[in-house]
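Trainee: Please read through the structure below; I'll follow up with questions.
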Amino acid sequence: MRIVVAHNRYREAQPSGENTIVDVEIAQLRAAGVEVLPFIRSSDEIPGMSKGAKALLPISPIYAPKAQQDLSRLLTEHRPDVLHLHNPYPLLSPWVVRTAHKHGVPVVQTVHNYRQVCSSGLYFRDGRICQDCRGKVLGVPAITNKCYRGSTVHGERGGHQ
């Protein structure tokens, strides 16, 4: 069996249980004789990106073209049996599911938090449960409430978390 494990690692400066789980999964699958093809990006790559690549970052949580090209090449070359998606944000994007399906590769996903529907990933703000963005196409409340690490799109820091 051949499995692609797709994951956008969180920054190493912010230790993540998700990063650990992905590393353990890869090791366990390999120990069981499964051929694992890691498709890993790291948020640590962002500071070293070109200005052009950084300019595309705001759309990358929706569609990350470079990641889709790289994944398409990997899928064509190795023809895996399945893709296991973990965290797609921000450098992979959920578009990896469409790319895999285009190549006839089924996808399973482990969802570790609420990030797909909540900027903070927690459904929690100001000491209470918050679902202000639930069901909205655009998470405007997340921007006005500075839910993603206390910042707005303009980089202004706030105290919510």
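Every chain in the structure tokens has a letter given in the order shown (A, B, ...), and although residue numbers restart at 1 in each chain, ligands are simply numbered from 1 in the order shown.
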Might you pull out every residue within 12 Å of Glu45 of chain A, with only C-alpha atoms counted and same-chain residues fewer than 2 positions away left off, and present them as a PyMOL selection string?
Mentor: chain A and resi 8-12+40-43+47-50+53-54+57+90-91
Trainee: Restricting it to C-alpha atoms, dump the selection as a PDB file, in the first residue's frame.
Mentor:
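Dumped to selection.pdb:
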```
ATOM      1  CA  ASN A   8       1.167  21.854   6.761  1.00  0.00           C
ATOM      2  CA  ARG A   9       3.385  21.873   9.842  1.00  0.00           C
ATOM      3  CA  TYR A  10       2.919  24.615  12.384  1.00  0.00           C
ATOM      4  CA  ARG A  11       5.962  26.778  13.135  1.00  0.00           C
ATOM      5  CA  GLU A  12       8.570  24.968  15.182  1.00  0.00           C
ATOM      6  CA  ILE A  40       4.691  18.263   3.946  1.00  0.00           C
ATOM      7  CA  ARG A  41       4.934  22.022   3.998  1.00  0.00           C
ATOM      8  CA  SER A  42       5.932  24.122   6.986  1.00  0.00           C
ATOM      9  CA  SER A  43       4.804  27.547   8.069  1.00  0.00           C
ATOM     10  CA  PRO A  47       9.569  34.204   6.069  1.00  0.00           C
ATOM     11  CA  GLY A  48      11.954  32.968   3.349  1.00  0.00           C
ATOM     12  CA  MET A  49       9.438  33.205   0.523  1.00  0.00           C
ATOM     13  CA  SER A  50       9.797  35.670  -2.332  1.00  0.00           C
ATOM     14  CA  ALA A  53       4.871  34.151  -3.086  1.00  0.00           C
ATOM     15  CA  LYS A  54       4.067  36.176   0.030  1.00  0.00           C
ATOM     16  CA  LEU A  57      -0.532  34.010   0.837  1.00  0.00           C
ATOM     17  CA  PRO A  90      -1.979  27.874   4.906  1.00  0.00           C
ATOM     18  CA  LEU A  91       0.414  26.408   2.330  1.00  0.00           C
TER      19      LEU A  91
END
```
Trainee: What's the 10 Å shell around segment 128-131 of chain A, counting only C-alpha atoms, without same-chain residues fewer than 3 positions away, as a ChimeraX atom specification?
Mentor: /A:117-118,122-125,134-135,141-142
Trainee: For the selection you just gave me, I'd like the residues written to a file as a PDB file, in the first residue's frame, keeping N, CA, C and O atoms.
Mentor:
```pdb
ATOM      1  N   VAL A 117     -13.629  26.165  10.012  1.00  0.00           N
ATOM      2  CA  VAL A 117     -14.820  26.992  10.176  1.00  0.00           C
ATOM      3  C   VAL A 117     -14.640  28.096  11.219  1.00  0.00           C
ATOM      4  O   VAL A 117     -15.559  28.863  11.478  1.00  0.00           O
ATOM      5  N   CYS A 118     -13.441  28.185  11.817  1.00  0.00           N
ATOM      6  CA  CYS A 118     -13.178  29.162  12.866  1.00  0.00           C
ATOM      7  C   CYS A 118     -11.710  29.570  12.802  1.00  0.00           C
ATOM      8  O   CYS A 118     -10.823  28.724  12.891  1.00  0.00           O
ATOM      9  N   LEU A 122     -10.834  27.237  17.651  1.00  0.00           N
ATOM     10  CA  LEU A 122     -11.295  26.824  18.985  1.00  0.00           C
ATOM     11  C   LEU A 122     -12.785  26.984  19.253  1.00  0.00           C
ATOM     12  O   LEU A 122     -13.288  26.418  20.216  1.00  0.00           O
ATOM     13  N   TYR A 123     -13.485  27.796  18.477  1.00  0.00           N
ATOM     14  CA  TYR A 123     -14.871  28.180  18.796  1.00  0.00           C
ATOM     15  C   TYR A 123     -14.937  28.771  20.198  1.00  0.00           C
ATOM     16  O   TYR A 123     -15.852  28.488  20.975  1.00  0.00           O
ATOM     17  N   PHE A 124     -13.962  29.602  20.527  1.00  0.00           N
ATOM     18  CA  PHE A 124     -13.874  30.176  21.871  1.00  0.00           C
ATOM     19  C   PHE A 124     -13.236  31.554  21.763  1.00  0.00           C
ATOM     20  O   PHE A 124     -12.218  31.723  21.099  1.00  0.00           O
ATOM     21  N   ARG A 125     -13.858  32.558  22.398  1.00  0.00           N
ATOM     22  CA  ARG A 125     -13.319  33.925  22.362  1.00  0.00           C
ATOM     23  C   ARG A 125     -13.790  34.677  23.589  1.00  0.00           C
ATOM     24  O   ARG A 125     -14.926  34.544  24.030  1.00  0.00           O
ATOM     25  N   ARG A 134     -19.826  30.827  12.276  1.00  0.00           N
ATOM     26  CA  ARG A 134     -20.463  29.581  11.841  1.00  0.00           C
ATOM     27  C   ARG A 134     -21.488  29.853  10.745  1.00  0.00           C
ATOM     28  O   ARG A 134     -22.344  30.731  10.864  1.00  0.00           O
ATOM     29  N   GLY A 135     -21.339  29.119   9.629  1.00  0.00           N
ATOM     30  CA  GLY A 135     -22.273  29.224   8.523  1.00  0.00           C
ATOM     31  C   GLY A 135     -22.037  30.402   7.599  1.00  0.00           C
ATOM     32  O   GLY A 135     -22.770  30.577   6.633  1.00  0.00           O
ATOM     33  N   PRO A 141     -16.597  38.353  11.229  1.00  0.00           N
ATOM     34  CA  PRO A 141     -16.472  38.515  12.687  1.00  0.00           C
ATOM     35  C   PRO A 141     -15.070  38.137  13.198  1.00  0.00           C
ATOM     36  O   PRO A 141     -14.574  38.754  14.137  1.00  0.00           O
ATOM     37  N   ALA A 142     -14.426  37.180  12.566  1.00  0.00           N
ATOM     38  CA  ALA A 142     -13.081  36.795  12.979  1.00  0.00           C
ATOM     39  C   ALA A 142     -12.091  37.928  12.744  1.00  0.00           C
ATOM     40  O   ALA A 142     -11.153  38.118  13.531  1.00  0.00           O
TER      41      ALA A 142
END
```
Trainee: Among chain A, which ones does DSSP assign to helix (DSSP H, G or I) (computed from the backbone)? Answer as an MDAnalysis selection string.
Mentor: chainID A and resid 17:31 43:48 51:55 57:59 65:78 96:102 140:144
Trainee: Please dump the current selection as an mmCIF file, in the first residue's frame; keep C-alpha atoms.
Mentor:
```cif
data_model
loop_
_atom_site.group_PDB
_atom_site.id
_atom_site.type_symbol
_atom_site.label_atom_id
_atom_site.label_comp_id
_atom_site.auth_asym_id
_atom_site.auth_seq_id
_atom_site.Cartn_x
_atom_site.Cartn_y
_atom_site.Cartn_z
ATOM 1 C CA GLY A 17 0.421 18.140 18.899
ATOM 2 C CA GLU A 18 -0.642 17.858 15.261
ATOM 3 C CA ASN A 19 2.974 17.887 14.079
ATOM 4 C CA THR A 20 3.775 15.138 16.589
ATOM 5 C CA ILE A 21 0.781 13.038 15.537
ATOM 6 C CA VAL A 22 1.773 13.264 11.859
ATOM 7 C CA ASP A 23 5.376 12.278 12.648
ATOM 8 C CA VAL A 24 4.204 9.291 14.723
ATOM 9 C CA GLU A 25 1.699 8.248 12.047
ATOM 10 C CA ILE A 26 4.387 8.232 9.363
ATOM 11 C CA ALA A 27 6.738 6.210 11.576
ATOM 12 C CA GLN A 28 4.025 3.681 12.482
ATOM 13 C CA LEU A 29 2.883 3.228 8.896
ATOM 14 C CA ARG A 30 6.450 2.667 7.733
ATOM 15 C CA ALA A 31 7.048 0.199 10.577
ATOM 16 C CA SER A 43 4.804 27.547 8.069
ATOM 17 C CA ASP A 44 8.496 28.118 8.856
ATOM 18 C CA GLU A 45 8.955 28.476 5.061
ATOM 19 C CA ILE A 46 6.897 31.685 4.938
ATOM 20 C CA PRO A 47 9.569 34.204 6.069
ATOM 21 C CA GLY A 48 11.954 32.968 3.349
ATOM 22 C CA LYS A 51 7.678 38.818 -2.295
ATOM 23 C CA GLY A 52 5.527 37.335 -5.056
ATOM 24 C CA ALA A 53 4.871 34.151 -3.086
ATOM 25 C CA LYS A 54 4.067 36.176 0.030
ATOM 26 C CA ALA A 55 1.633 38.298 -1.998
ATOM 27 C CA LEU A 57 -0.532 34.010 0.837
ATOM 28 C CA PRO A 58 -3.962 35.594 1.447
ATOM 29 C CA ILE A 59 -5.512 33.231 -1.125
ATOM 30 C CA PRO A 65 -1.241 26.840 -6.805
ATOM 31 C CA LYS A 66 2.358 25.751 -6.157
ATOM 32 C CA ALA A 67 1.219 23.060 -3.720
ATOM 33 C CA GLN A 68 -1.335 21.781 -6.236
ATOM 34 C CA GLN A 69 1.313 21.563 -8.969
ATOM 35 C CA ASP A 70 3.694 19.704 -6.640
ATOM 36 C CA LEU A 71 0.954 17.348 -5.439
ATOM 37 C CA SER A 72 -0.225 16.658 -8.978
ATOM 38 C CA ARG A 73 3.320 15.707 -9.952
ATOM 39 C CA LEU A 74 3.652 13.426 -6.890
ATOM 40 C CA LEU A 75 0.325 11.702 -7.590
ATOM 41 C CA THR A 76 1.143 11.178 -11.272
ATOM 42 C CA GLU A 77 4.579 9.771 -10.514
ATOM 43 C CA HIS A 78 3.738 7.511 -7.552
ATOM 44 C CA VAL A 96 -5.565 19.159 -2.205
ATOM 45 C CA VAL A 97 -8.773 17.128 -1.964
ATOM 46 C CA ARG A 98 -9.831 18.236 -5.460
ATOM 47 C CA THR A 99 -6.341 17.630 -6.809
ATOM 48 C CA ALA A 100 -6.291 14.104 -5.379
ATOM 49 C CA HIS A 101 -9.775 13.337 -6.709
ATOM 50 C CA LYS A 102 -8.753 14.617 -10.144
ATOM 51 C CA VAL A 140 -15.825 38.848 8.930
ATOM 52 C CA PRO A 141 -16.472 38.515 12.687
ATOM 53 C CA ALA A 142 -13.081 36.795 12.979
ATOM 54 C CA ILE A 143 -11.415 39.822 11.391
ATOM 55 C CA THR A 144 -13.227 42.426 13.464
#
```
Trainee: For each of A:Leu92, A:Asp126, A:His86, A:Cys133, take the minimum atom-to-atom distance to His112 of chain A, counting only C-alpha atoms, then give the residue where this is smallest.
Mentor: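 Result for the nearest residue to His112 of chain A: A:His86.
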Trainee: Report the residues of segment 37-153 of chain A whose backbone DSSP state falls under strand (DSSP E), written as a PyMOL selection string.
Mentor: chain A and resi 37-42+82-85+107-109+124-125+128-129
Trainee: Let me see the file: selected residues, all heavy atoms, as a short mmCIF file (atom, residue, chain, number, x, y, z; two decimals), in the first residue's frame.
Mentor:
```cif
data_model
loop_
_atom_site.label_atom_id
_atom_site.label_comp_id
_atom_site.auth_asym_id
_atom_site.auth_seq_id
_atom_site.Cartn_x
_atom_site.Cartn_y
_atom_site.Cartn_z
N LEU A 37 4.47 8.47 1.41
CA LEU A 37 4.97 9.60 0.62
C LEU A 37 4.56 10.87 1.34
O LEU A 37 3.43 11.34 1.21
CB LEU A 37 4.37 9.57 -0.79
CG LEU A 37 4.58 8.28 -1.57
CD1 LEU A 37 3.64 8.19 -2.74
CD2 LEU A 37 6.03 8.18 -2.01
N PRO A 38 5.45 11.45 2.16
CA PRO A 38 5.08 12.69 2.86
C PRO A 38 4.93 13.85 1.89
O PRO A 38 5.77 14.05 1.01
CB PRO A 38 6.26 12.94 3.80
CG PRO A 38 7.00 11.64 3.88
CD PRO A 38 6.76 10.96 2.55
N PHE A 39 3.84 14.57 2.02
CA PHE A 39 3.64 15.80 1.27
C PHE A 39 3.49 16.88 2.34
O PHE A 39 2.39 17.19 2.80
CB PHE A 39 2.40 15.72 0.37
CG PHE A 39 2.24 16.91 -0.52
CD1 PHE A 39 3.15 17.16 -1.54
CD2 PHE A 39 1.20 17.80 -0.33
CE1 PHE A 39 3.01 18.27 -2.38
CE2 PHE A 39 1.05 18.91 -1.16
CZ PHE A 39 1.96 19.14 -2.18
N ILE A 40 4.62 17.41 2.77
CA ILE A 40 4.69 18.26 3.95
C ILE A 40 5.16 19.66 3.55
O ILE A 40 6.12 19.81 2.79
CB ILE A 40 5.67 17.68 5.00
CG1 ILE A 40 5.36 16.20 5.31
CG2 ILE A 40 5.70 18.54 6.26
CD1 ILE A 40 4.08 15.95 6.05
N ARG A 41 4.48 20.64 4.07
CA ARG A 41 4.93 22.02 4.00
C ARG A 41 5.04 22.51 5.44
O ARG A 41 4.43 21.94 6.34
CB ARG A 41 3.95 22.91 3.22
CG ARG A 41 3.78 22.54 1.77
CD ARG A 41 5.08 22.77 0.99
NE ARG A 41 4.94 22.52 -0.42
CZ ARG A 41 5.13 21.34 -1.00
NH1 ARG A 41 5.45 20.29 -0.28
NH2 ARG A 41 5.02 21.21 -2.31
N SER A 42 5.79 23.58 5.64
CA SER A 42 5.93 24.12 6.99
C SER A 42 5.70 25.62 6.97
O SER A 42 6.19 26.32 6.07
CB SER A 42 7.34 23.83 7.52
OG SER A 42 7.53 24.51 8.76
N VAL A 82 -4.12 6.13 -1.43
CA VAL A 82 -4.94 7.05 -0.65
C VAL A 82 -4.08 8.25 -0.23
O VAL A 82 -2.86 8.14 -0.13
CB VAL A 82 -5.57 6.35 0.59
CG1 VAL A 82 -4.52 5.95 1.61
CG2 VAL A 82 -6.67 7.18 1.22
N LEU A 83 -4.74 9.38 0.01
CA LEU A 83 -4.09 10.55 0.58
C LEU A 83 -4.72 10.80 1.93
O LEU A 83 -5.95 10.86 2.05
CB LEU A 83 -4.29 11.77 -0.32
CG LEU A 83 -3.59 13.07 0.13
CD1 LEU A 83 -3.10 13.85 -1.09
CD2 LEU A 83 -4.49 13.94 0.99
N HIS A 84 -3.90 10.90 2.97
CA HIS A 84 -4.38 11.22 4.32
C HIS A 84 -4.00 12.67 4.60
O HIS A 84 -2.83 13.00 4.76
CB HIS A 84 -3.76 10.29 5.36
CG HIS A 84 -4.31 10.52 6.74
ND1 HIS A 84 -3.90 9.79 7.82
CD2 HIS A 84 -5.24 11.38 7.22
CE1 HIS A 84 -4.55 10.21 8.90
NE2 HIS A 84 -5.36 11.18 8.55
N LEU A 85 -5.01 13.53 4.66
CA LEU A 85 -4.82 14.96 4.89
C LEU A 85 -4.98 15.28 6.37
O LEU A 85 -5.93 14.85 7.00
CB LEU A 85 -5.85 15.75 4.07
CG LEU A 85 -5.86 17.27 4.24
CD1 LEU A 85 -4.52 17.89 3.86
CD2 LEU A 85 -7.00 17.87 3.42
N VAL A 107 -9.42 10.36 -0.55
CA VAL A 107 -8.85 11.17 0.53
C VAL A 107 -9.57 10.87 1.83
O VAL A 107 -10.80 10.75 1.86
CB VAL A 107 -9.00 12.68 0.22
CG1 VAL A 107 -8.51 13.54 1.38
CG2 VAL A 107 -8.27 13.04 -1.07
N VAL A 108 -8.79 10.74 2.89
CA VAL A 108 -9.32 10.73 4.26
C VAL A 108 -8.67 11.91 4.96
O VAL A 108 -7.56 12.32 4.62
CB VAL A 108 -9.04 9.42 5.02
CG1 VAL A 108 -9.76 8.25 4.38
CG2 VAL A 108 -7.56 9.16 5.15
N GLN A 109 -9.40 12.50 5.90
CA GLN A 109 -8.84 13.64 6.62
C GLN A 109 -9.05 13.46 8.11
O GLN A 109 -10.14 13.08 8.55
CB GLN A 109 -9.47 14.96 6.18
CG GLN A 109 -8.86 16.15 6.90
CD GLN A 109 -9.37 17.49 6.39
OE1 GLN A 109 -10.28 17.57 5.58
NE2 GLN A 109 -8.78 18.56 6.89
N PHE A 124 -13.96 29.60 20.53
CA PHE A 124 -13.87 30.18 21.87
C PHE A 124 -13.24 31.55 21.76
O PHE A 124 -12.22 31.72 21.10
CB PHE A 124 -13.02 29.27 22.76
CG PHE A 124 -13.13 29.54 24.23
CD1 PHE A 124 -14.22 29.11 24.95
CD2 PHE A 124 -12.12 30.24 24.88
CE1 PHE A 124 -14.32 29.35 26.32
CE2 PHE A 124 -12.20 30.49 26.25
CZ PHE A 124 -13.30 30.06 26.96
N ARG A 125 -13.86 32.56 22.40
CA ARG A 125 -13.32 33.92 22.36
C ARG A 125 -13.79 34.68 23.59
O ARG A 125 -14.93 34.54 24.03
CB ARG A 125 -13.80 34.64 21.09
CG ARG A 125 -13.33 36.08 20.98
CD ARG A 125 -13.72 36.72 19.65
NE ARG A 125 -15.12 36.65 19.33
CZ ARG A 125 -16.04 37.52 19.77
NH1 ARG A 125 -15.71 38.51 20.56
NH2 ARG A 125 -17.31 37.37 19.41
N ARG A 128 -15.55 32.75 26.41
CA ARG A 128 -16.84 32.08 26.18
C ARG A 128 -16.85 31.39 24.83
O ARG A 128 -16.04 31.70 23.95
CB ARG A 128 -18.00 33.07 26.27
CG ARG A 128 -17.96 34.14 25.19
CD ARG A 128 -19.20 35.03 25.18
NE ARG A 128 -19.12 36.05 24.16
CZ ARG A 128 -19.34 35.86 22.86
NH1 ARG A 128 -19.67 34.69 22.41
NH2 ARG A 128 -19.24 36.87 22.00
N ILE A 129 -17.79 30.47 24.65
CA ILE A 129 -17.96 29.82 23.36
C ILE A 129 -18.40 30.87 22.36
O ILE A 129 -19.24 31.72 22.64
CB ILE A 129 -19.02 28.69 23.46
CG1 ILE A 129 -18.48 27.56 24.34
CG2 ILE A 129 -19.40 28.18 22.07
CD1 ILE A 129 -19.50 26.49 24.67
#
```
Trainee: Please report the interatomic distance between atom CA of Gln116 of chain A and atom CA of Ala64 of chain A in Å with one decimal.
Mentor: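 Separation of atom CA of Gln116 of chain A and atom CA of Ala64 of chain A: 15.4 Å.
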Trainee: Pick the closest to Ile3 of chain A from A:Pro88, A:Pro106, A:Gly121, A:Pro61: which is it, counting only C-alpha atoms?
Mentor: A:Pro106
